file work.cif (mmCIF, C-alpha atoms)
data_query
loop_
_atom_site.label_atom_id
_atom_site.label_comp_id
_atom_site.auth_asym_id
_atom_site.auth_seq_id
_atom_site.Cartn_x
_atom_site.Cartn_y
_atom_site.Cartn_z
CA MET A 1 -19.27 -2.07 -8.10
CA THR A 2 -22.32 -3.31 -10.00
CA LEU A 3 -22.91 -6.03 -7.40
CA LYS A 4 -23.43 -3.38 -4.72
CA VAL A 5 -25.91 -1.53 -6.92
CA HIS A 6 -27.89 -4.71 -7.56
CA ILE A 7 -27.96 -5.62 -3.84
CA TYR A 8 -29.25 -2.18 -2.87
CA TRP A 9 -31.84 -2.31 -5.65
CA ILE A 10 -33.08 -5.73 -4.49
CA PHE A 11 -33.13 -4.57 -0.88
CA ASP A 12 -35.13 -1.46 -1.82
CA LEU A 13 -37.55 -3.51 -3.91
CA LEU A 14 -38.17 -6.01 -1.11
CA LEU A 15 -38.70 -3.25 1.44
CA SER A 16 -41.22 -1.49 -0.77
CA LYS A 17 -43.15 -4.76 -1.26
CA ILE A 18 -43.22 -5.38 2.49
CA TYR A 19 -44.45 -1.88 3.37
CA VAL A 20 -47.12 -1.95 0.66
CA LYS A 21 -48.54 -5.23 1.96
CA GLN A 22 -47.81 -4.61 5.64
CA VAL A 23 -51.48 -4.60 6.58
CA LYS A 24 -52.03 -8.09 5.13
CA ILE A 25 -48.96 -9.92 6.47
CA THR A 26 -48.61 -11.44 9.89
CA ASN A 27 -45.77 -10.63 12.25
CA LYS A 28 -44.23 -14.07 11.64
CA SER A 29 -43.95 -13.72 7.86
CA TYR A 30 -42.77 -10.12 8.25
CA MET A 31 -39.95 -11.25 10.55
CA LYS A 32 -38.94 -14.04 8.16
CA LYS A 33 -38.70 -11.58 5.29
CA MET A 34 -36.71 -9.09 7.35
CA ILE A 35 -34.26 -11.78 8.47
CA LEU A 36 -33.85 -13.02 4.89
CA MET A 37 -33.23 -9.49 3.60
CA SER A 38 -30.72 -8.81 6.38
CA LEU A 39 -28.81 -11.99 5.55
CA LEU A 40 -28.79 -11.13 1.84
CA LEU A 41 -27.49 -7.67 2.61
CA ILE A 42 -24.75 -8.93 4.94
CA CYS A 43 -23.64 -11.60 2.44
CA GLY A 44 -23.66 -9.09 -0.40
CA VAL A 45 -21.58 -6.54 1.49
CA THR A 46 -19.11 -9.22 2.57
CA PHE A 47 -18.80 -10.52 -0.98
CA ALA A 48 -18.39 -7.02 -2.44
CA ALA A 49 -15.70 -6.15 0.13
CA ALA A 50 -13.34 -8.88 -1.11
CA GLN A 51 -11.30 -7.21 -3.82
CA ALA A 52 -7.89 -7.54 -5.41
CA GLU A 53 -5.39 -4.68 -5.25
CA ILE A 54 -2.15 -4.33 -7.21
CA LYS A 55 0.91 -2.61 -5.75
CA PHE A 56 4.07 -2.10 -7.81
CA ASP A 57 7.59 -1.79 -6.37
CA LYS A 58 8.22 1.01 -8.89
CA LEU A 59 6.23 2.71 -11.65
CA THR A 60 9.17 4.02 -13.72
CA HIS A 61 12.35 2.40 -15.02
CA ASN A 62 15.24 4.36 -16.53
CA PHE A 63 17.53 2.35 -18.81
CA GLY A 64 20.11 5.14 -18.73
CA THR A 65 22.33 5.43 -21.79
CA PHE A 66 22.75 2.49 -24.17
CA SER A 67 24.11 2.01 -27.68
CA GLU A 68 22.10 1.81 -30.88
CA LYS A 69 24.08 -1.37 -31.63
CA ASP A 70 22.46 -3.07 -28.62
CA ALA A 71 19.08 -1.46 -29.15
CA LYS A 72 17.00 -4.12 -27.40
CA VAL A 73 16.72 -3.58 -23.62
CA SER A 74 14.41 -5.11 -21.03
CA CYS A 75 13.32 -4.52 -17.47
CA VAL A 76 10.99 -6.16 -14.98
CA PHE A 77 8.27 -4.48 -12.92
CA THR A 78 7.43 -6.52 -9.81
CA PHE A 79 3.99 -6.25 -8.25
CA THR A 80 2.15 -7.73 -5.26
CA ASN A 81 -1.52 -8.50 -4.83
CA VAL A 82 -2.17 -6.71 -1.52
CA GLY A 83 -5.93 -7.30 -1.76
CA ASP A 84 -7.97 -10.22 -0.45
CA ALA A 85 -9.16 -11.66 -3.79
CA PRO A 86 -7.29 -13.10 -6.80
CA LEU A 87 -5.81 -10.44 -9.10
CA ILE A 88 -6.31 -10.81 -12.84
CA ILE A 89 -4.37 -8.68 -15.30
CA ASN A 90 -6.76 -8.24 -18.20
CA GLN A 91 -4.51 -6.22 -20.46
CA ALA A 92 -1.05 -4.67 -20.73
CA VAL A 93 -0.75 -2.26 -23.66
CA ALA A 94 2.25 -0.15 -24.68
CA SER A 95 2.02 3.30 -26.22
CA CYS A 96 4.22 2.22 -29.14
CA GLY A 97 4.91 -0.92 -31.15
CA CYS A 98 8.59 -0.73 -30.18
CA THR A 99 7.64 -1.64 -26.59
CA VAL A 100 6.31 -5.10 -25.71
CA PRO A 101 4.95 -5.98 -22.24
CA GLU A 102 4.69 -9.60 -21.06
CA TYR A 103 2.38 -10.28 -18.11
CA PRO A 104 1.01 -13.32 -16.23
CA LYS A 105 -2.21 -14.71 -17.72
CA THR A 106 -3.15 -16.66 -14.59
CA PRO A 107 -4.69 -15.08 -11.46
CA VAL A 108 -2.27 -13.90 -8.77
CA LYS A 109 -3.43 -14.99 -5.32
CA PRO A 110 -3.62 -12.53 -2.41
CA GLY A 111 -0.17 -11.91 -0.94
CA GLU A 112 1.67 -13.33 -3.95
CA THR A 113 3.93 -11.42 -6.32
CA GLY A 114 4.13 -11.33 -10.09
CA GLU A 115 6.24 -9.75 -12.80
CA ILE A 116 5.62 -7.72 -15.91
CA LYS A 117 8.57 -7.84 -18.30
CA VAL A 118 8.85 -4.88 -20.67
CA THR A 119 11.14 -4.97 -23.71
CA TYR A 120 12.04 -1.86 -25.70
CA ASN A 121 13.45 -2.36 -29.20
CA GLY A 122 15.09 0.83 -30.52
CA LYS A 123 16.26 -0.74 -33.78
CA GLY A 124 15.43 1.64 -36.64
CA LYS A 125 14.52 4.45 -34.25
CA PHE A 126 16.29 7.79 -34.04
CA PRO A 127 18.94 8.02 -31.32
CA GLY A 128 18.12 10.23 -28.36
CA HIS A 129 15.85 10.29 -25.34
CA PHE A 130 12.63 8.24 -25.29
CA LYS A 131 9.82 7.76 -22.81
CA LYS A 132 7.17 5.07 -23.29
CA MET A 133 4.02 4.27 -21.34
CA ILE A 134 2.54 0.86 -20.56
CA THR A 135 -1.11 0.76 -19.40
CA ILE A 136 -2.04 -2.12 -17.10
CA ARG A 137 -5.73 -3.00 -16.66
CA THR A 138 -6.80 -5.32 -13.83
CA ASN A 139 -9.83 -6.46 -11.87
CA GLY A 140 -8.39 -4.71 -8.81
CA LYS A 141 -9.47 -1.79 -6.71
CA THR A 142 -7.35 0.42 -8.98
CA GLU A 143 -8.46 -0.77 -12.41
CA MET A 144 -5.77 1.03 -14.42
CA THR A 145 -2.10 1.67 -13.65
CA ARG A 146 0.48 3.28 -15.91
CA LEU A 147 4.10 2.18 -15.98
CA TYR A 148 6.86 4.17 -17.71
CA ILE A 149 10.19 3.30 -19.26
CA GLU A 150 12.72 5.82 -20.49
CA GLY A 151 16.31 6.07 -21.57
CA ASP A 152 18.84 7.58 -23.97
CA MET A 153 19.93 5.65 -27.04
CA THR A 154 23.21 6.82 -28.56
CA GLU A 155 24.69 6.18 -32.01
#
call {"tool": "encode", "arguments": {"input": "work.cif", "output": "structure tokens"}}
result
Amino acid sequence: MTLKVHIYWIFDLLLSKIYVKQVKITNKSYMKKMILMSLLLICGVTFAAAQAEIKFDKLTHNFGTFSEKDAKVSCVFTFTNVGDAPLIINQAVASCGCTVPEYPKTPVKPGETGEIKVTYNGKGKFPGHFKKMITIRTNGKTEMTRLYIEGDMTE
């Protein structure tokens, strides 16, 4: 996003310099500058267009009913990088300390899949229904995605 802003700013600055000095420059130097600016603009737009994009198979997982005796349950959220640049997961944060997400620390190439494993530990928690949120932050087109886990823990 900031790259586009910088490219437009540079383009605007160069144009203003050319038009201010247009009387003093020859046609040859004017053409060279215009060609250079056009190439910079095309390269910048092409570079800015390449972006990662994360797509999950599902955003919610329901553990159903499970016993307080086996209070630790896990699930896996599978995702695919459907963009055209490497996807980096910067952060995966749960809404509670009883929920721990594990995510890949290395970039996921375009077209490849990855997994986020989420473990809920209900030990010491009150039995009943729960719903927890996991916030995923990436370098992708959608910078933030929320995943949810829920279930019913019985005594």
call {"tool": "closest_residue", "arguments": {"input": "work.cif", "among": "A:Ala71, A:Met153, A:Val93, A:Leu147", "to": "Pro127 of chain A", "atoms": "all atoms listed in the file"}}
result
A:Met153
call {"tool": "resolve_selection", "arguments": {"input": "work.cif", "expression": "the PyMOL selection byres ((chain A and resi 86) around 9)", "output": "list in words"}}
result
Gln51, Ala52, Glu53, Asn81, Gly83, Asp84, Ala85, Leu87, Ile88, Pro107, Val108, Lys109, Pro110, Asn139 and Gly140 of chain A
call {"tool": "write_last_selection", "arguments": {"input": "work.cif", "atoms": "C-alpha atoms", "output": "PDB file, keeping the file's coordinate frame"}}
result
ATOM      1  CA  GLN A  51     -11.300  -7.210  -3.820  1.00  0.00           C
ATOM      2  CA  ALA A  52      -7.890  -7.540  -5.410  1.00  0.00           C
ATOM      3  CA  GLU A  53      -5.390  -4.680  -5.250  1.00  0.00           C
ATOM      4  CA  ASN A  81      -1.520  -8.500  -4.830  1.00  0.00           C
ATOM      5  CA  GLY A  83      -5.930  -7.300  -1.760  1.00  0.00           C
ATOM      6  CA  ASP A  84      -7.970 -10.220  -0.450  1.00  0.00           C
ATOM      7  CA  ALA A  85      -9.160 -11.660  -3.790  1.00  0.00           C
ATOM      8  CA  LEU A  87      -5.810 -10.440  -9.100  1.00  0.00           C
ATOM      9  CA  ILE A  88      -6.310 -10.810 -12.840  1.00  0.00           C
ATOM     10  CA  PRO A 107      -4.690 -15.080 -11.460  1.00  0.00           C
ATOM     11  CA  VAL A 108      -2.270 -13.900  -8.770  1.00  0.00           C
ATOM     12  CA  LYS A 109      -3.430 -14.990  -5.320  1.00  0.00           C
ATOM     13  CA  PRO A 110      -3.620 -12.530  -2.410  1.00  0.00           C
ATOM     14  CA  ASN A 139      -9.830  -6.460 -11.870  1.00  0.00           C
ATOM     15  CA  GLY A 140      -8.390  -4.710  -8.810  1.00  0.00           C
TER      16      GLY A 140
END
call {"tool": "resolve_selection", "arguments": {"input": "work.cif", "expression": "the PyMOL selection byres ((chain A and resi 152) around 12)", "output": "list in words"}}
result
Asn62, Phe63, Gly64, Thr65, Phe66, Ser67, Glu68, Ala71, Val73, Tyr120, Gly122, Lys125, Phe126, Pro127, Gly128, His129, Phe130, Lys131, Lys132, Ile149, Glu150, Gly151, Met153, Thr154 and Glu155 of chain A
call {"tool": "write_last_selection", "arguments": {"input": "work.cif", "atoms": "C-alpha atoms", "output": "mmCIF file, in the frame of the given file"}}
result
data_model
loop_
_atom_site.group_PDB
_atom_site.id
_atom_site.type_symbol
_atom_site.label_atom_id
_atom_site.label_comp_id
_atom_site.auth_asym_id
_atom_site.auth_seq_id
_atom_site.Cartn_x
_atom_site.Cartn_y
_atom_site.Cartn_z
ATOM 1 C CA ASN A 62 15.240 4.360 -16.530
ATOM 2 C CA PHE A 63 17.530 2.350 -18.810
ATOM 3 C CA GLY A 64 20.110 5.140 -18.730
ATOM 4 C CA THR A 65 22.330 5.430 -21.790
ATOM 5 C CA PHE A 66 22.750 2.490 -24.170
ATOM 6 C CA SER A 67 24.110 2.010 -27.680
ATOM 7 C CA GLU A 68 22.100 1.810 -30.880
ATOM 8 C CA ALA A 71 19.080 -1.460 -29.150
ATOM 9 C CA VAL A 73 16.720 -3.580 -23.620
ATOM 10 C CA TYR A 120 12.040 -1.860 -25.700
ATOM 11 C CA GLY A 122 15.090 0.830 -30.520
ATOM 12 C CA LYS A 125 14.520 4.450 -34.250
ATOM 13 C CA PHE A 126 16.290 7.790 -34.040
ATOM 14 C CA PRO A 127 18.940 8.020 -31.320
ATOM 15 C CA GLY A 128 18.120 10.230 -28.360
ATOM 16 C CA HIS A 129 15.850 10.290 -25.340
ATOM 17 C CA PHE A 130 12.630 8.240 -25.290
ATOM 18 C CA LYS A 131 9.820 7.760 -22.810
ATOM 19 C CA LYS A 132 7.170 5.070 -23.290
ATOM 20 C CA ILE A 149 10.190 3.300 -19.260
ATOM 21 C CA GLU A 150 12.720 5.820 -20.490
ATOM 22 C CA GLY A 151 16.310 6.070 -21.570
ATOM 23 C CA MET A 153 19.930 5.650 -27.040
ATOM 24 C CA THR A 154 23.210 6.820 -28.560
ATOM 25 C CA GLU A 155 24.690 6.180 -32.010
#
call {"tool": "atom_distance", "arguments": {"input": "work.cif", "atom1": "atom CA of Gly111 of chain A", "atom2": "atom CA of Leu41 of chain A"}}
result
27.9 Å
call {"tool": "atom_distance", "arguments": {"input": "work.cif", "atom1": "atom CA of Ile134 of chain A", "atom2": "atom CA of Phe79 of chain A"}}
result
14.3 Å
call {"tool": "closest_residue", "arguments": {"input": "work.cif", "among": "A:Glu102, A:Asp57, A:Glu112, A:Glu143", "to": "Ser74 of chain A", "atoms": "all atoms listed in the file"}}
result
A:Glu102
call {"tool": "atom_distance", "arguments": {"input": "work.cif", "atom1": "atom CA of Val76 of chain A", "atom2": "atom CA of Cys98 of chain A"}}
result
16.3 Å
call {"tool": "closest_residue", "arguments": {"input": "work.cif", "among": "A:Thr106, A:Ile136, A:Ile42, A:Lys58", "to": "Phe77 of chain A", "atoms": "only C-alpha atoms"}}
result
A:Lys58
